[in-house]
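Enquirer: Handing you a structure now.
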There are 2 protein chains.
Amino acid sequence: MLRFALEPRSVAVIGASDNPHKVGGWPLLYLRRYGYRGAIYPVNPARASVQGLRAFARVEDLPEAPELAIVAVAGEEAVRAVEACAAKGVRVVLVMASGFGETGPEGLRVQHSLVETARRAGMRLIGPNCQGLANFANGVVANFSTIFHETEARDGPVAIVSQSGANSQAIYTLVRERGLGVRHVHATGNEADVTVSDLAAAVVADPGVRLLLLYLEAIKDPPGLAAAAQAARERDLPIVALKAGRTARGQKAASSHTGALASEDRVVDAFFERHAIWRAEDPHELVSAAALYLSGRRPRGRRLVFISNSGASCVMAADYAERAGLALAEVSEQAKQKMRQVLPPFAGLDNPIDVTGALLGNPKLFSAVLPAVGEDARSDLLVVALPVAGTGYDVPGLAEDLRQFCERYDHAARLRKRVPELREAQIALPQGGGRFLDEAQSLAALARAGLPVVEHRLCRNAAEAAAAARLLGPEIVMKACSPDLPHKSDHGLVCLSVAEPETEFHRQADVARTLGARFEGVIVARKAAKGRELALGARVDPQFGPVVLVGDGGVYLEALKDYRLLVPPFDEEEVADKLRELRIAPLLGAWRGEPARDVQAFAGMARRLGEAITAWGGAVAAVDVNPVMVFETGRGALAVDALIERAV
Amino acid sequence: MLRFALEPRSVAVIGASDNPHKVGGWPLLYLRRYGYRGAIYPVNPARASVQGLRAFARVEDLPEAPELAIVAVAGEEAVRAVEACAAKGVRVVLVMASGFGETGPEGLRVQHSLVETARRAGMRLIGPNCQGLANFANGVVANFSTIFHETEARDGPVAIVSQSGANSQAIYTLVRERGLGVRHVHATGNEADVTVSDLAAAVVADPGVRLLLLYLEAIKDPPGLAAAAQAARERDLPIVALKAGRTARGQKAASSHTGALASEDRVVDAFFERHAIWRAEDPHELVSAAALYLSGRRPRGRRLVFISNSGASCVMAADYAERAGLALAEVSEQAKQKMRQVLPPFAGLDNPIDVTGALLGNPKLFSAVLPAVGEDARSDLLVVALPVAGTGYDVPGLAEDLRQFCERYDHAARLRKRVPELREAQIALPQGGGRFLDEAQSLAALARAGLPVVEHRLCRNAAEAAAAARLLGPEIVMKACSPDLPHKSDHGLVCLSVAEPETEFHRQADVARTLGARFEGVIVARKAAKGRELALGARVDPQFGPVVLVGDGGVYLEALKDYRLLVPPFDEEEVADKLRELRIAPLLGAWRGEPARDVQAFAGMARRLGEAITAWGGAVAAVDVNPVMVFETGRGALAVDALIERAV
């Protein structure tokens, strides 16, 4: 459907202006300047011709239904124009006027009515409050930005889709300043109907596009964006996104700007990571690697080789690599041997490789050093920095050496690995009950999902508790079991050192009764051996769907926020990667006599929880498994506490 | 003395070349191109004239002792040239040749001999392996970099002092690309004698300099740099430093590049902070704020106002402010009232202020909005972003509005507050003994330094222990006291739940005896109430002197590295700032029923420890107070364990 927006055979401009420097004038100017070949219909009741084109008084008067109609009039006139377009059979209407959803409740009401009008007619609506579209492949520049007047446009492999008109221009300018050609520049404005996700999908389908840059303040249609990202991966087309509103203040500003819904920023991170969308922090970062993406060269891994004729650059590069989590590749003895033949004795052969100022005297030194590095299979990335290369240096020769190196040693790799397949699972939840499952039910549900849980018995009376204590002891834990008491320890209903199981049973039963809570019995659990306590959780995010949390366990989870999120499906390796990002990561390895922890076992539990929360299909709102006791490598991990909250 | 390097009345070039594009040719070319007015003496035994100047065969033949001599010959010839300069009475010799300390032990030996020769003659030596100096105030461009040939030089207020020649060029280029004038560009190379600190001090004394940029791989003379920084602060002259070798890999690369000593990077941070030297991460960051520094405008505080005509910029700015720890200033109702008169109803008046696209229709809107912000005294910083400002915008008008704003509402402020005065303290340490003080001595030393320590008795026999237990109980802790057992808990010599004090005394005495350790008795201490455990430490860094550590307490200090360092003298407020940077900072405030902690009391202990480690004047190598128990606000803090290590 959005083909009619990006490749229309006819375009109407409602509110067409004879002054090319007005909102209703720019599109006419651009359509012709950039070589649009379809029919152009200016609509203006006051003029017989506009910018030299025959004008029509009303939409109704047009000789055909234009595939794309641009609404450049404001207020009530804009509403009438959308209605006229719907009646005429327009495929896509683009509303430039502001004064709708962004102004408050009344504007939002009118905006909703525009969408209703469009939907009834099977017409898509872009905007309102929208700067417009631009497709330089065919000259469909339905846009009132002055930037295409001020900066020479050039068709090329980059596509920009931005919620913000101003930012679409800013990003466009940064890309063009790098000398790169841009095909698509689309702004979506208020996104009353068409979103960034829709236009992302449309431009990903354009075979001329090889890099997609996005600016978003809210991800209004995550499944749509996920689908666009999948199509992009299949084409090996990278997507880089700047999602603003990362912080609380930013979200507040975003919500007053476009009414963007707040979302936890770490969920956005996890969503982008799941769908192999790179995330940039600012417009400069968004475009910084554009040329590299377009080169089609993709590193297989993170092992970096750095070569420079400046020792200082080598030092700074080593710092940078460590901060960025890039390993400096080890240089083989063989490669060093080759380099020794051309480099001075005090050159640095350990990566970073410092060829020293000798490059000045020996311009062919690079053609000797580069193959040594290229033939050494231990690296994935090569950075060459020549901060000193003026008079006296054979710069064209160095460039040629590098060109040859790139040709000979290119390690083609595709975009990141395929998203793991979701294992279809059928995991039933117990029926009935209220908002929370009691702990016995919660543990049982986890066990059915394949997570190892602490050995326990739900005891209905004191005699059962005593028998369970004999079976599971000597050291046991007793906890009252009630769907009404999700936070048992707040009420003293968790006993970690039980002297007399029967007495403790009665005490807990009394407390539960005093609290007026349903009492299902007391769980007697074998006391778990000492391990590192991690937190595992899952919830269904209202925008992004199932999300799994892995983090530092214990009561400080919320205060210290030492956790990461993953969007299922994911595999154990991805969980291990997230655990490595935790602040407490060093404590998961062997440390001061403490053993390394069974990260694999924990990762397996996280994966299965991801499968379960997906399989439960919205019936479960949240799962909280804190702590999971993680034992030394090879000894597994165990869910010790569990709380499942149903969706209500 | 370095006046002779930066303002010499005569310059000799030893190894002067007729080819201006050689190491011995560039200085002659530059001295004349950049208008040097002193005497120039080319030294070249093979020619009667060089580049049109009368040449001399040998240094000995020069008609006077040149104040600055440039050694552009290599190897053995360079050594002989330095000797000849020393004999002639040269004030400063600049050795460009490489092949000395950076090549290995033999080169280092020769380098040492150069320094000895210079020192004996009272001559300063710059280099070797040094690209040279450049002072564009007087044309003393004693430098072989080609950059001054390729980039037009312009005298100005910026000074660059860099260990690395390549980086001095790179930084110079970045500054010049911003259109700023540069007076000094000095590289120090191997720093056999003259260091970055020396040249920093020299350029700070130049009244034409208003910004100093440094590049260092090692801080060879911290007191010298501290003195230069103090002189700079007194002149309100900002210093920004890029200290590379931040990471382990970076330090390894630095040590192979210039033999830089490794130093803990956080000590460098603390040192810079103490001396109000800004630290940049890379050359771009180093120069990024140069124009702002030179404007002389310094914010009083961190409260930011952001104004834009792009809602997206507002969202990104809010994100950025939160990440950078800048508070978004609150806009007064009065200021909002004024803005409402000119802005459309849907403009964002809460900071960030979104004036919306209305700026296009109303170019004088800024002259109305800016005074409202300027008269609102609640802000320190103003950022205006106009990503959309092309055809149709009155850009000169906007610029004039801003210029007027700057003139009217400039809040002049000086560089950061003065370094607090060190309180002179005389704190004696116990005499004699070995490497460690025992715990009783350690606690006593801290108590004398004014730190509150846990109430305790050193008991020489079981009866004393029993008596102390009665006095300090009911809950006590017992720990064997021996200067030979600094890590008591490794040997089971810390008992946290004492059943029978006399039995425990005998047990600990037996263990100490079995270990062959001196046994001073057992400390019986009152068990401290539960509080948040923080770590406090101090040590004398071999390069930077006394340093104090504050951090998360307990056994994971080394694994999780959640600590910050301070260089004394410092005040309580600075300690509190450092505590706010800790990852566990949220746990020091009130949280989930736990009270806020007495950060002031802990900060006072840290300050006094800083005074003590300074007063001990090198007699103490390290102090370890882990944990300090920090109670709720108003209830103080207490050193629970202490270990003092003497310098040996």
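Identifiers for the structure tokens are assigned positionally: chains receive A, B, ... in sequence, residues are indexed from 1 per chain, and ligands are indexed from 1 in the order shown.
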Check every residue of chain A for an atom within 7 Å of chain B, counting only C-alpha atoms, and provide those that qualify as a PyMOL selection string.
Expert: chain A and resi 103+146+164+166-167+170+244-247+249-250+253-254+257+310-312+314-316+318-319+322+346+387-388+390-391+559-560+584+586-587
Enquirer: Go ahead and write the residues just picked, C-alpha atoms, as a compact mmCIF listing (two decimals), in the first residue's frame.
Expert:
# COMPACT_ATOMS: atom_id res chain seq x y z
CA THR A 103 -1.66 20.31 20.68
CA THR A 146 14.09 23.71 2.74
CA SER A 164 10.80 14.06 13.52
CA ALA A 166 13.74 18.42 11.90
CA ASN A 167 15.80 15.37 12.69
CA ALA A 170 19.72 16.92 10.45
CA ALA A 244 15.51 9.14 21.93
CA GLY A 245 13.81 9.32 25.28
CA ARG A 246 16.39 7.04 26.89
CA THR A 247 16.19 8.76 30.26
CA ARG A 249 13.70 13.43 31.46
CA GLY A 250 14.01 12.48 27.81
CA ALA A 253 10.18 15.61 26.78
CA ALA A 254 9.20 12.99 24.17
CA HIS A 257 6.62 16.44 21.93
CA SER A 310 52.44 7.13 15.68
CA GLY A 311 53.16 5.50 19.01
CA ALA A 312 50.65 7.81 20.65
CA CYS A 314 48.84 3.02 19.32
CA VAL A 315 48.44 3.88 23.00
CA MET A 316 45.10 5.58 22.43
CA ALA A 318 44.76 0.15 22.93
CA ASP A 319 42.77 2.20 25.44
CA GLU A 322 39.73 -2.18 25.88
CA PHE A 346 62.47 -0.60 18.07
CA PRO A 387 48.09 10.97 11.87
CA VAL A 388 51.40 12.05 10.32
CA GLY A 390 52.17 15.04 4.84
CA THR A 391 55.08 16.26 2.74
CA ALA A 559 18.07 -0.19 44.11
CA LEU A 560 21.24 -1.14 42.22
CA ILE A 584 28.92 -8.45 39.51
CA PRO A 586 33.71 -10.82 38.16
CA LEU A 587 32.06 -12.77 40.99
Enquirer: Run DSSP on the backbone of this structure and report the residues of segment 70-144 of chain A it assigns to alpha helix (DSSP H), as a ChimeraX atom specification.
Expert: /A:75-88,105-120
Enquirer: Which residue out of B:Val268, B:Leu237, B:Ala466, B:Val575 has the minimum interatomic distance to Gly551 of chain B when only C-alpha atoms are used?
Expert: B:Val575
Enquirer: Just checking: using only C-alpha atoms, which residue out of A:Ser10, A:Leu28, A:Ser113, A:Arg37 ends up closest to Pro63 of chain A?
Expert: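 Of the candidates, the smallest distance to Pro63 of chain A is held by A:Ser10.
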Enquirer: DSSP on the backbone: which residues in segment 157-262 of chain B end up as strand (DSSP E)? Give the answer as number ranges by chain.
Expert: B: 158-162, 182-187, 211-216, 239-243
Enquirer: Find the residues near segment 297-303 of chain A: any atom within 12 Å, counting only C-alpha atoms, skip ones fewer than 3 places away on the same chain, and give them as a PyMOL selection string.
Expert: chain A and resi 236-238+289-294+306+321-322+324-331+351-352+376-383+406-407+409-417
Enquirer: Tell me, as number ranges by chain, which residues lie within 7 Å of Pro66 of chain B, counting only C-alpha atoms; anything in the same chain fewer than 2 positions away does not count.
Expert: B: 10-12, 64, 68-69, 90
Enquirer: Enter the distance from atom CA of Leu609 of chain A to atom CA of Leu565 of chain A, in Å, rounded to one decimal.
Expert: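 These two atoms are separated by 12.6 Å.
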Enquirer: Any idea what's packed within 7 Å of segment 632-644 of chain A, counting only C-alpha atoms, ignoring anything in its chain fewer than 3 positions away? Could you give it as a list in words?
Expert: Phe436, Leu437, Glu439, Ser442, Leu443, Pro452, Val453, Val454, Pro486, Pro595, Ala596, Arg597, Asp598, Ala601, Phe602, Ala622, Val623, Asp624, Val625, Asn626, Pro627, Val628 and Met629 of chain A
Enquirer: Just checking: using only C-alpha atoms, which residue out of B:Asp401, B:Glu573, B:Asp198, B:Glu520 ends up closest to Asn461 of chain B?
Expert: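 The shortest atom-to-atom distance to Asn461 of chain B comes from B:Glu520.
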Enquirer: Could you list, as a list in words, every residue within 9 Å of Tyr563 of chain A, counting only C-alpha atoms and ignoring same-chain residues fewer than 4 positions away?
Expert: Ala535, Leu549, Val550, Gly551, Asp552, Leu557, Lys578, Leu579, Glu581, Leu582 and Arg583 of chain A
